[in-house]
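To be precise, the following lines are run_38.txt, and they hold compact mmCIF, C-alpha atoms (C1' of nucleotides).
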# COMPACT_ATOMS: atom_id res chain seq x y z
CA MET A 1 -24.63 6.87 27.17
CA PRO A 2 -21.80 5.92 29.48
CA HIS A 3 -18.60 4.84 27.88
CA ARG A 4 -18.49 1.63 29.82
CA ASP A 5 -21.74 -0.14 29.20
CA ARG A 6 -23.73 -0.90 32.28
CA VAL A 7 -24.50 -4.44 31.21
CA GLU A 8 -21.22 -5.81 29.86
CA GLN A 9 -23.00 -7.99 27.34
CA THR A 10 -22.40 -5.82 24.30
CA LEU A 11 -19.82 -3.20 23.61
CA THR A 12 -20.17 0.21 22.04
CA ILE A 13 -17.85 1.14 19.24
CA GLY A 14 -15.98 3.38 21.62
CA ALA A 15 -15.38 0.54 24.03
CA VAL A 16 -14.18 -1.73 21.23
CA ALA A 17 -11.92 1.01 19.97
CA GLU A 18 -10.46 1.43 23.41
CA ARG A 19 -9.79 -2.26 23.88
CA THR A 20 -8.24 -2.83 20.48
CA GLY A 21 -6.49 0.46 19.96
CA LEU A 22 -8.28 0.91 16.66
CA ALA A 23 -9.98 4.11 15.63
CA PRO A 24 -13.76 3.94 15.57
CA SER A 25 -13.66 4.89 11.92
CA ALA A 26 -11.55 1.84 11.21
CA ILE A 27 -13.99 -0.42 13.00
CA ARG A 28 -16.89 1.02 11.01
CA PHE A 29 -14.84 0.46 7.90
CA TYR A 30 -14.28 -3.17 8.82
CA GLU A 31 -17.97 -3.64 9.46
CA GLU A 32 -18.73 -2.14 6.07
CA LYS A 33 -16.27 -4.58 4.51
CA GLY A 34 -17.89 -7.48 6.32
CA LEU A 35 -14.97 -8.32 8.60
CA VAL A 36 -16.95 -7.77 11.76
CA ARG A 37 -20.63 -7.55 12.52
CA ALA A 38 -22.66 -5.49 14.92
CA ALA A 39 -26.23 -5.52 16.11
CA ARG A 40 -28.00 -2.22 16.39
CA ALA A 41 -29.65 -0.58 19.35
CA ALA A 42 -32.95 1.19 18.86
CA SER A 43 -30.93 4.38 18.66
CA GLY A 44 -28.97 3.01 15.71
CA HIS A 45 -25.82 2.62 17.74
CA ARG A 46 -23.69 -0.44 17.05
CA GLN A 47 -23.66 -3.19 19.63
CA PHE A 48 -20.62 -5.41 19.44
CA ASP A 49 -20.30 -8.86 20.74
CA ARG A 50 -17.33 -9.50 23.01
CA ALA A 51 -15.99 -11.98 20.44
CA THR A 52 -15.46 -9.00 18.16
CA ILE A 53 -12.37 -8.08 20.12
CA ARG A 54 -10.90 -11.41 19.16
CA ARG A 55 -11.80 -10.95 15.51
CA LEU A 56 -10.17 -7.55 15.51
CA SER A 57 -7.08 -8.94 17.18
CA PHE A 58 -6.92 -11.51 14.44
CA ILE A 59 -7.23 -8.78 11.82
CA LEU A 60 -4.41 -6.78 13.35
CA ILE A 61 -2.09 -9.75 13.54
CA ALA A 62 -2.92 -10.82 10.01
CA GLN A 63 -2.27 -7.31 8.75
CA GLN A 64 1.04 -7.39 10.47
CA LEU A 65 1.79 -10.55 8.53
CA GLY A 66 1.00 -8.75 5.30
CA TYR A 67 -2.46 -10.00 4.46
CA ARG A 68 -4.87 -7.71 2.72
CA LEU A 69 -8.31 -7.17 4.19
CA ASP A 70 -10.04 -9.28 1.58
CA GLU A 71 -7.73 -12.17 2.34
CA ILE A 72 -8.35 -11.74 6.05
CA LYS A 73 -12.06 -11.68 5.41
CA ALA A 74 -11.77 -14.96 3.54
CA GLN A 75 -10.08 -16.47 6.58
CA LEU A 76 -12.66 -15.09 8.97
CA ASP A 77 -15.45 -16.35 6.77
CA THR A 78 -14.37 -19.90 7.56
CA LEU A 79 -15.36 -19.35 11.15
CA PRO A 80 -18.86 -20.48 12.08
CA GLY A 81 -21.16 -17.56 11.64
CA ASP A 82 -23.86 -18.75 13.96
CA ALA A 83 -22.14 -19.63 17.21
CA ALA A 84 -19.16 -17.99 18.84
CA PRO A 85 -15.95 -19.48 17.41
CA THR A 86 -14.40 -22.14 19.57
CA VAL A 87 -10.81 -22.38 20.64
CA ALA A 88 -10.35 -25.03 17.96
CA ASP A 89 -11.54 -22.57 15.32
CA TRP A 90 -8.98 -20.00 16.31
CA GLU A 91 -6.34 -22.65 16.55
CA ARG A 92 -6.98 -23.64 12.97
CA LEU A 93 -6.40 -20.09 11.80
CA SER A 94 -3.34 -19.75 14.00
CA VAL A 95 -1.77 -22.83 12.52
CA HIS A 96 -2.23 -21.26 9.13
CA PHE A 97 -0.32 -18.27 10.40
CA ALA A 98 2.42 -20.47 11.75
CA ASP A 99 2.88 -22.21 8.43
CA ASP A 100 2.97 -18.90 6.69
CA LEU A 101 5.53 -17.58 9.11
CA ASP A 102 7.73 -20.62 8.60
CA GLU A 103 7.59 -20.06 4.88
CA ARG A 104 8.41 -16.40 5.20
CA ILE A 105 11.33 -17.09 7.50
CA ARG A 106 12.60 -19.67 5.06
CA ARG A 107 12.40 -17.24 2.18
CA LEU A 108 14.08 -14.42 4.02
CA THR A 109 16.87 -16.72 5.14
CA GLU A 110 17.37 -17.80 1.57
CA LEU A 111 17.50 -14.19 0.43
CA ARG A 112 19.97 -13.49 3.20
CA GLU A 113 22.21 -16.25 1.90
CA ARG A 114 22.00 -15.03 -1.64
CA LEU A 115 22.85 -11.57 -0.41
CA THR A 116 25.92 -12.82 1.41
CA GLY A 117 27.03 -14.48 -1.78
CA CYS A 118 26.51 -11.30 -3.71
CA ILE A 119 28.11 -8.77 -1.41
CA GLY A 120 31.21 -7.53 -3.06
CA CYS A 121 30.78 -9.43 -6.26
CA GLY A 122 29.41 -6.34 -7.95
CA CYS A 123 26.80 -8.35 -9.76
CA LEU A 124 23.83 -6.28 -8.70
CA SER A 125 21.99 -6.60 -11.93
CA LEU A 126 18.91 -8.51 -12.85
CA GLU A 127 20.66 -10.00 -15.80
CA VAL A 128 23.11 -12.00 -13.78
CA CYS A 129 22.18 -11.83 -10.10
CA ARG A 130 19.81 -14.15 -8.29
CA LEU A 131 19.28 -11.65 -5.52
CA TYR A 132 16.06 -10.37 -6.90
CA ASN A 133 13.30 -12.83 -6.20
CA PRO A 134 9.96 -11.64 -7.46
CA ASP A 135 8.19 -14.72 -6.12
CA ASP A 136 7.92 -13.26 -2.67
CA ALA A 137 4.28 -12.48 -3.13
CA ALA A 138 3.45 -13.52 0.42
CA ALA A 139 5.34 -10.56 1.75
CA ARG A 140 2.79 -8.00 0.70
CA HIS A 141 2.04 -5.44 3.30
CA GLY A 142 -0.79 -3.03 3.70
CA THR A 143 -0.86 0.56 2.70
CA GLY A 144 -2.58 3.54 4.13
CA PRO A 145 -1.74 5.60 7.14
CA ARG A 146 0.78 3.64 9.14
CA TYR A 147 0.16 5.19 12.51
CA LEU A 148 -2.52 2.63 13.11
CA MET A 149 0.15 -0.03 12.92
CA GLY A 150 2.42 0.88 15.72
CA ASP A 151 3.67 4.38 15.24
CA ARG A 152 0.56 6.32 15.93
CA PRO A 153 1.26 9.93 16.80
CA ASP A 154 -0.71 9.86 20.05
CA PRO A 155 0.55 6.99 22.20
CA GLN A 156 -2.46 7.15 24.52
CA ARG A 157 -5.44 5.70 22.72
CA MET B 158 15.26 4.72 -33.61
CA PRO B 159 16.12 1.04 -33.34
CA HIS B 160 15.20 -0.70 -30.16
CA ARG B 161 18.72 -1.86 -29.58
CA ASP B 162 20.88 1.19 -29.84
CA ARG B 163 23.59 0.99 -32.40
CA VAL B 164 26.19 2.44 -30.09
CA GLU B 165 25.74 0.61 -26.78
CA GLN B 166 26.81 3.62 -24.76
CA THR B 167 23.38 4.74 -23.67
CA LEU B 168 20.10 2.91 -23.44
CA THR B 169 16.66 3.94 -24.52
CA ILE B 170 13.83 3.60 -22.05
CA GLY B 171 12.60 0.60 -23.98
CA ALA B 172 15.93 -1.14 -23.67
CA VAL B 173 16.08 -0.43 -19.94
CA ALA B 174 12.53 -1.69 -19.55
CA GLU B 175 13.41 -4.87 -21.36
CA ARG B 176 16.48 -5.52 -19.26
CA THR B 177 14.83 -4.84 -15.91
CA GLY B 178 11.35 -6.13 -16.58
CA LEU B 179 9.91 -2.79 -15.53
CA ALA B 180 7.27 -0.96 -17.50
CA PRO B 181 8.49 2.22 -19.21
CA SER B 182 5.90 4.16 -17.26
CA ALA B 183 7.44 2.94 -14.03
CA ILE B 184 10.88 4.04 -15.13
CA ARG B 185 9.58 7.49 -16.02
CA PHE B 186 7.90 7.59 -12.66
CA TYR B 187 11.17 6.77 -10.93
CA GLU B 188 12.95 9.47 -12.90
CA GLU B 189 10.29 11.95 -11.88
CA LYS B 190 10.81 10.92 -8.26
CA GLY B 191 14.55 11.35 -8.59
CA LEU B 192 15.51 7.70 -8.20
CA VAL B 193 17.19 7.51 -11.57
CA ARG B 194 18.47 10.09 -13.99
CA ALA B 195 18.56 10.31 -17.75
CA ALA B 196 20.24 12.55 -20.28
CA ARG B 197 18.19 13.69 -23.23
CA ALA B 198 18.80 13.27 -26.93
CA ALA B 199 18.09 16.17 -29.25
CA SER B 200 14.76 14.49 -29.95
CA GLY B 201 13.88 14.63 -26.26
CA HIS B 202 14.26 10.91 -25.81
CA ARG B 203 15.79 9.70 -22.57
CA GLN B 204 19.30 8.34 -22.68
CA PHE B 205 20.12 6.05 -19.80
CA ASP B 206 23.49 5.20 -18.54
CA ARG B 207 24.26 1.49 -18.23
CA ALA B 208 24.63 1.96 -14.46
CA THR B 209 20.92 2.70 -14.39
CA ILE B 210 20.20 -1.01 -14.70
CA ARG B 211 22.02 -1.51 -11.45
CA ARG B 212 20.13 1.28 -9.74
CA LEU B 213 16.85 -0.20 -10.87
CA SER B 214 17.90 -3.64 -9.67
CA PHE B 215 18.61 -2.09 -6.33
CA ILE B 216 15.20 -0.47 -6.31
CA LEU B 217 13.47 -3.75 -7.07
CA ILE B 218 15.31 -5.62 -4.38
CA ALA B 219 14.70 -2.88 -1.85
CA GLN B 220 11.01 -2.84 -2.68
CA GLN B 221 10.94 -6.55 -2.17
CA LEU B 222 12.35 -5.92 1.29
CA GLY B 223 9.53 -3.51 2.00
CA TYR B 224 11.19 -0.15 1.60
CA ARG B 225 9.19 2.74 0.28
CA LEU B 226 10.46 4.71 -2.67
CA ASP B 227 11.43 7.70 -0.59
CA GLU B 228 13.50 5.47 1.66
CA ILE B 229 15.13 3.87 -1.34
CA LYS B 230 15.87 7.27 -2.76
CA ALA B 231 17.55 8.24 0.48
CA GLN B 232 19.80 5.19 0.15
CA LEU B 233 20.57 5.88 -3.48
CA ASP B 234 21.35 9.49 -2.67
CA THR B 235 24.33 8.32 -0.65
CA LEU B 236 25.93 7.06 -3.83
CA PRO B 237 28.35 9.45 -5.50
CA GLY B 238 26.41 11.47 -8.00
CA ASP B 239 29.34 12.44 -10.15
CA ALA B 240 31.13 9.20 -10.96
CA ALA B 241 29.69 5.77 -11.50
CA PRO B 242 29.27 3.99 -8.15
CA THR B 243 32.03 1.59 -7.29
CA VAL B 244 31.68 -1.97 -6.10
CA ALA B 245 32.41 -0.69 -2.61
CA ASP B 246 29.48 1.69 -2.84
CA TRP B 247 27.07 -1.09 -3.71
CA GLU B 248 28.60 -3.27 -1.05
CA ARG B 249 27.84 -0.65 1.56
CA LEU B 250 24.18 -0.62 0.59
CA SER B 251 24.06 -4.40 0.47
CA VAL B 252 25.41 -4.69 3.98
CA HIS B 253 22.60 -2.43 5.08
CA PHE B 254 20.20 -4.87 3.48
CA ALA B 255 21.83 -7.79 5.20
CA ASP B 256 21.50 -6.17 8.60
CA ASP B 257 17.91 -5.39 7.89
CA LEU B 258 17.24 -8.94 6.83
CA ASP B 259 18.82 -10.30 9.99
CA GLU B 260 16.58 -8.06 12.03
CA ARG B 261 13.49 -9.09 10.12
CA ILE B 262 14.29 -12.77 10.44
CA ARG B 263 14.81 -12.30 14.14
CA ARG B 264 11.48 -10.59 14.52
CA LEU B 265 9.57 -13.15 12.54
CA THR B 266 11.14 -15.97 14.49
CA GLU B 267 10.13 -14.28 17.69
CA LEU B 268 6.60 -13.89 16.42
CA ARG B 269 6.64 -17.54 15.43
CA GLU B 270 7.57 -18.49 18.95
CA ARG B 271 4.89 -16.34 20.47
CA LEU B 272 2.41 -17.91 18.10
CA THR B 273 3.42 -21.41 19.14
CA GLY B 274 2.88 -20.43 22.73
CA CYS B 275 -0.54 -19.01 21.92
CA ILE B 276 -1.92 -21.77 19.73
CA GLY B 277 -4.64 -23.48 21.62
CA CYS B 278 -4.54 -21.23 24.62
CA GLY B 279 -7.47 -19.29 23.26
CA CYS B 280 -5.93 -16.02 24.33
CA LEU B 281 -6.21 -14.27 21.00
CA SER B 282 -7.02 -10.92 22.41
CA LEU B 283 -5.05 -7.76 22.61
CA GLU B 284 -5.82 -7.46 26.26
CA VAL B 285 -3.92 -10.55 27.28
CA CYS B 286 -1.97 -11.85 24.31
CA ARG B 287 1.52 -10.81 23.32
CA LEU B 288 1.05 -12.05 19.79
CA TYR B 289 0.32 -8.70 18.38
CA ASN B 290 3.49 -6.74 18.00
CA PRO B 291 2.90 -3.32 16.53
CA ASP B 292 6.60 -2.51 16.51
CA ASP B 293 7.18 -4.36 13.29
CA ALA B 294 7.44 -1.16 11.35
CA ALA B 295 10.27 -2.49 9.20
CA ALA B 296 7.92 -4.94 7.59
CA ARG B 297 6.09 -2.36 5.55
CA HIS B 298 5.49 -3.30 1.99
CA GLY B 299 4.60 -1.30 -1.02
CA THR B 300 1.23 -0.87 -2.53
CA GLY B 301 0.08 -0.38 -6.04
CA PRO B 302 -0.23 -2.84 -8.85
CA ARG B 303 1.45 -6.00 -7.74
CA TYR B 304 2.03 -7.58 -11.09
CA LEU B 305 5.27 -5.69 -11.31
CA MET B 306 6.42 -7.66 -8.31
CA GLY B 307 6.24 -11.15 -9.53
CA ASP B 308 2.75 -11.97 -10.57
CA ARG B 309 2.45 -9.97 -13.70
CA PRO B 310 -0.36 -11.19 -15.93
CA ASP B 311 1.78 -11.49 -19.04
CA PRO B 312 4.84 -13.58 -18.23
CA GLN B 313 6.68 -12.47 -21.34
CA ARG B 314 7.59 -8.88 -20.74
C1' DC C 315 4.25 10.45 -49.09
C1' DC C 316 2.76 8.21 -45.40
C1' DT C 317 2.72 4.57 -42.19
C1' DT C 318 4.93 2.36 -38.29
C1' DG C 319 7.23 1.98 -33.92
C1' DA C 320 9.35 4.05 -30.25
C1' DC C 321 9.42 7.72 -27.92
C1' DT C 322 7.49 12.35 -25.60
C1' DT C 323 4.19 15.02 -22.08
C1' DC C 324 0.30 15.65 -19.24
C1' DA C 325 -3.79 14.75 -16.87
C1' DA C 326 -6.75 11.45 -15.05
C1' DC C 327 -7.51 7.12 -13.07
C1' DC C 328 -6.71 2.92 -10.03
C1' DT C 329 -6.23 0.22 -5.54
C1' DT C 330 -5.88 -0.36 -0.49
C1' DA C 331 -6.92 1.18 3.85
C1' DC C 332 -8.44 4.21 6.05
C1' DT C 333 -9.38 9.42 7.96
C1' DT C 334 -11.80 13.67 8.00
C1' DG C 335 -15.60 16.65 7.97
C1' DA C 336 -20.30 18.10 7.66
C1' DG C 337 -24.61 17.68 9.45
C1' DG C 338 -27.75 15.21 12.46
C1' DT C 339 -29.56 12.24 16.60
C1' DC C 340 -29.73 10.55 21.41
C1' DG C 341 -29.52 10.39 26.33
C1' DT C 342 -27.89 12.02 30.43
C1' DA C 343 -26.21 15.97 33.44
C1' DC C 344 -26.40 20.44 35.07
C1' DG D 345 -33.87 23.51 28.43
C1' DT D 346 -29.78 23.15 26.81
C1' DA D 347 -25.15 21.66 26.70
C1' DC D 348 -22.16 17.66 26.23
C1' DG D 349 -20.30 13.45 24.71
C1' DA D 350 -20.86 9.61 22.07
C1' DC D 351 -22.84 7.97 18.48
C1' DC D 352 -24.87 8.01 13.44
C1' DT D 353 -24.43 8.53 7.91
C1' DC D 354 -22.44 9.90 3.77
C1' DA D 355 -19.21 12.09 0.77
C1' DA D 356 -14.77 13.43 -0.03
C1' DG D 357 -9.87 13.37 0.87
C1' DT D 358 -5.21 11.09 1.55
C1' DA D 359 -1.10 8.20 0.67
C1' DA D 360 1.83 5.18 -2.25
C1' DG D 361 2.99 3.43 -6.52
C1' DG D 362 2.15 3.29 -10.36
C1' DT D 363 -1.09 2.65 -15.15
C1' DT D 364 -3.72 4.40 -18.94
C1' DG D 365 -5.03 7.30 -22.55
C1' DA D 366 -4.86 11.28 -25.51
C1' DA D 367 -2.26 13.97 -28.44
C1' DG D 368 1.99 14.91 -30.49
C1' DT D 369 7.11 14.22 -32.33
C1' DC D 370 10.68 11.84 -34.86
C1' DA D 371 13.28 8.70 -37.95
C1' DA D 372 13.34 4.86 -41.00
C1' DG D 373 11.12 1.80 -44.44
C1' DG D 374 8.16 0.78 -48.35
Whole structure given in structure tokens:
Amino acid sequence: MPHRDRVEQTLTIGAVAERTGLAPSAIRFYEEKGLVRAARAASGHRQFDRATIRRLSFILIAQQLGYRLDEIKAQLDTLPGDAAPTVADWERLSVHFADDLDERIRRLTELRERLTGCIGCGCLSLEVCRLYNPDDAAARHGTGPRYLMGDRPDPQR
Amino acid sequence: MPHRDRVEQTLTIGAVAERTGLAPSAIRFYEEKGLVRAARAASGHRQFDRATIRRLSFILIAQQLGYRLDEIKAQLDTLPGDAAPTVADWERLSVHFADDLDERIRRLTELRERLTGCIGCGCLSLEVCRLYNPDDAAARHGTGPRYLMGDRPDPQR
DNA sequence: CCTTGACTTCAACCTTACTTGAGGTCGTAC
DNA sequence: GTACGACCTCAAGTAAGGTTGAAGTCAAGG
């Protein structure tokens, strides 16, 4: 089977991997978790819809923002399952991102101000210092091998 | 042994846990990893220095900022091991935080701007969209049980 | 005396997000 | 006809950051 499908209707996992920069194993993992779907060829090979690229892009961006896969799945599940998502659908999710970003920027700025107030005061202690803010739950970031998130060892592919 | 030590020179692990909000197991884990140190009583019990509270506060704040324990350890290792760290020592580390925060705020703001530009354009795809920025390696956050970072199930202790 | 509470160690387990490897299939190319 | 590359499944491994449980020690109180 050629790497670039003859009819560009569906994509093989290799083609999707190439376009997104993800490892095929990661894409299979996402399918298993229900974040993306794939039809199957008679051979058993996965056949991805072109819209899958967009879903995977969304996943990557959301991960970058610190969402866990189950949270991302919840977001994706609000997309219409039957038809291809419209621009308005993606816009809705993007606006959610934007709000989240605003909130995160606000929080970091606040922390920055607290830090400025604390530098040099020697109060670095939970008993008296407001620097530690455990409510920053939105700032969670993923775990696992990080070279899928920007510092992969092999820059090509 | 009473929970609150009669001579307030050293602290038991329970007292440190109470003051920091950390679980004793976490504190032992940090000791094992070399992030904090403890003398031992004849009984084998750990005896913590009061400065340990400050180290642990630092650890919590740094975790909140997304540093991994080994990175935090590297920072803490620049503190003088012999004498108690001075205000200037802590200030040095805090300034590092501040710089990091500035950088993170800058990056998020940039992402926010890219997002605004992308909302509605329907370009959410890695092939054409600049929204995905894999260089945000500083935004890594820890893993593990999150209820130590703000959403612990039991609000009292 | 013996129970209680706080501590000790050590090994095993947990979660998230994947990767890696073994073993097998498929279709085209030489 | 057989080698090659791309795909398949399934089980096991990895990393971080701890938690949990078992089994034992120690000092004080009743």
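Residues in contact range of C:DA325, defined as at most 12 Å between only C-alpha atoms (C1' of nucleotides), with sequence neighbours fewer than 3 positions away removed, read DT364, DG365, DA366 and DA367 of chain D.
Taking atom CA of A:His45 as the reference point, atom C1' of D:DC352 is found at 7.0 Å.
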| message | With all atoms listed in the file as the counted atoms, please give the residues lying no more than 12 Å from stretch 71-73 of chain A, apart from itself and same-chain residues fewer than 5 positions off, as a ChimeraX atom specification. | response | /A:30-37,55-66,78-79,93,96-97,138,140-142
Around stretch 347-355 of chain D, fit a box with edges along x, y and z, padding it by 5 Å on each side, then list its centre and edge lengths in Å to one decimal as AutoDock Vina command-line options.
--center_x -22.2 --center_y 14.8 --center_z 13.7 --size_x 15.9 --size_y 23.7 --size_z 35.9
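A straight line drawn from atom CA of B:Arg185 to atom CA of B:Ile170 is 8.3 Å long.
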| field | Surrounding residues of D:DT369 excluding itself and chain neighbours under 2 positions, 12 Å, all atoms listed in the file, as a list of chain:residue names | value | B:Ala199, B:Ser200, B:Gly201, B:His202, C:DA320, C:DC321, C:DT322, C:DT323, D:DA367, D:DA371
Near chain A, 8 Å: chain C residue rows, closest pairs, all atoms listed in the file, as CSV:
residue,atom,partner,partner_atom,distance
C:DT330,C1',A:Thr143,CA,6.0
C:DA331,C1',A:Gly144,CA,4.9
C:DC332,C1',A:Gly144,CA,6.2
C:DT333,C1',A:Ser25,CA,7.4
C:DC340,C1',A:Ser43,CA,6.9
C:DG341,C1',A:Met1,CA,6.1
C:DT342,C1',A:Met1,CA,6.9
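Between atom C1' of C:DT334 and atom C1' of D:DT358 the interatomic distance comes to 9.6 Å.
Comparing the minimum interatomic distances between chain A and each of B:Thr169, B:Gln232, B:Ser251, B:Thr209, counting all atoms listed in the file, we find that B:Ser251 sits nearest.
Interface residues of chain D facing chain B, defined by any atom at most 9 Å away and using only C-alpha atoms (C1' of nucleotides), are DA360, DG361, DG362, DT363, DT369, DC370, DA371 and DA372 of chain D.
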| task | Could you give me, as a ChimeraX atom specification, the residues within 12 Å of D:DG374, counting all atoms listed in the file and dropping anything in the same chain fewer than 3 positions from it? | result | /C:315-318
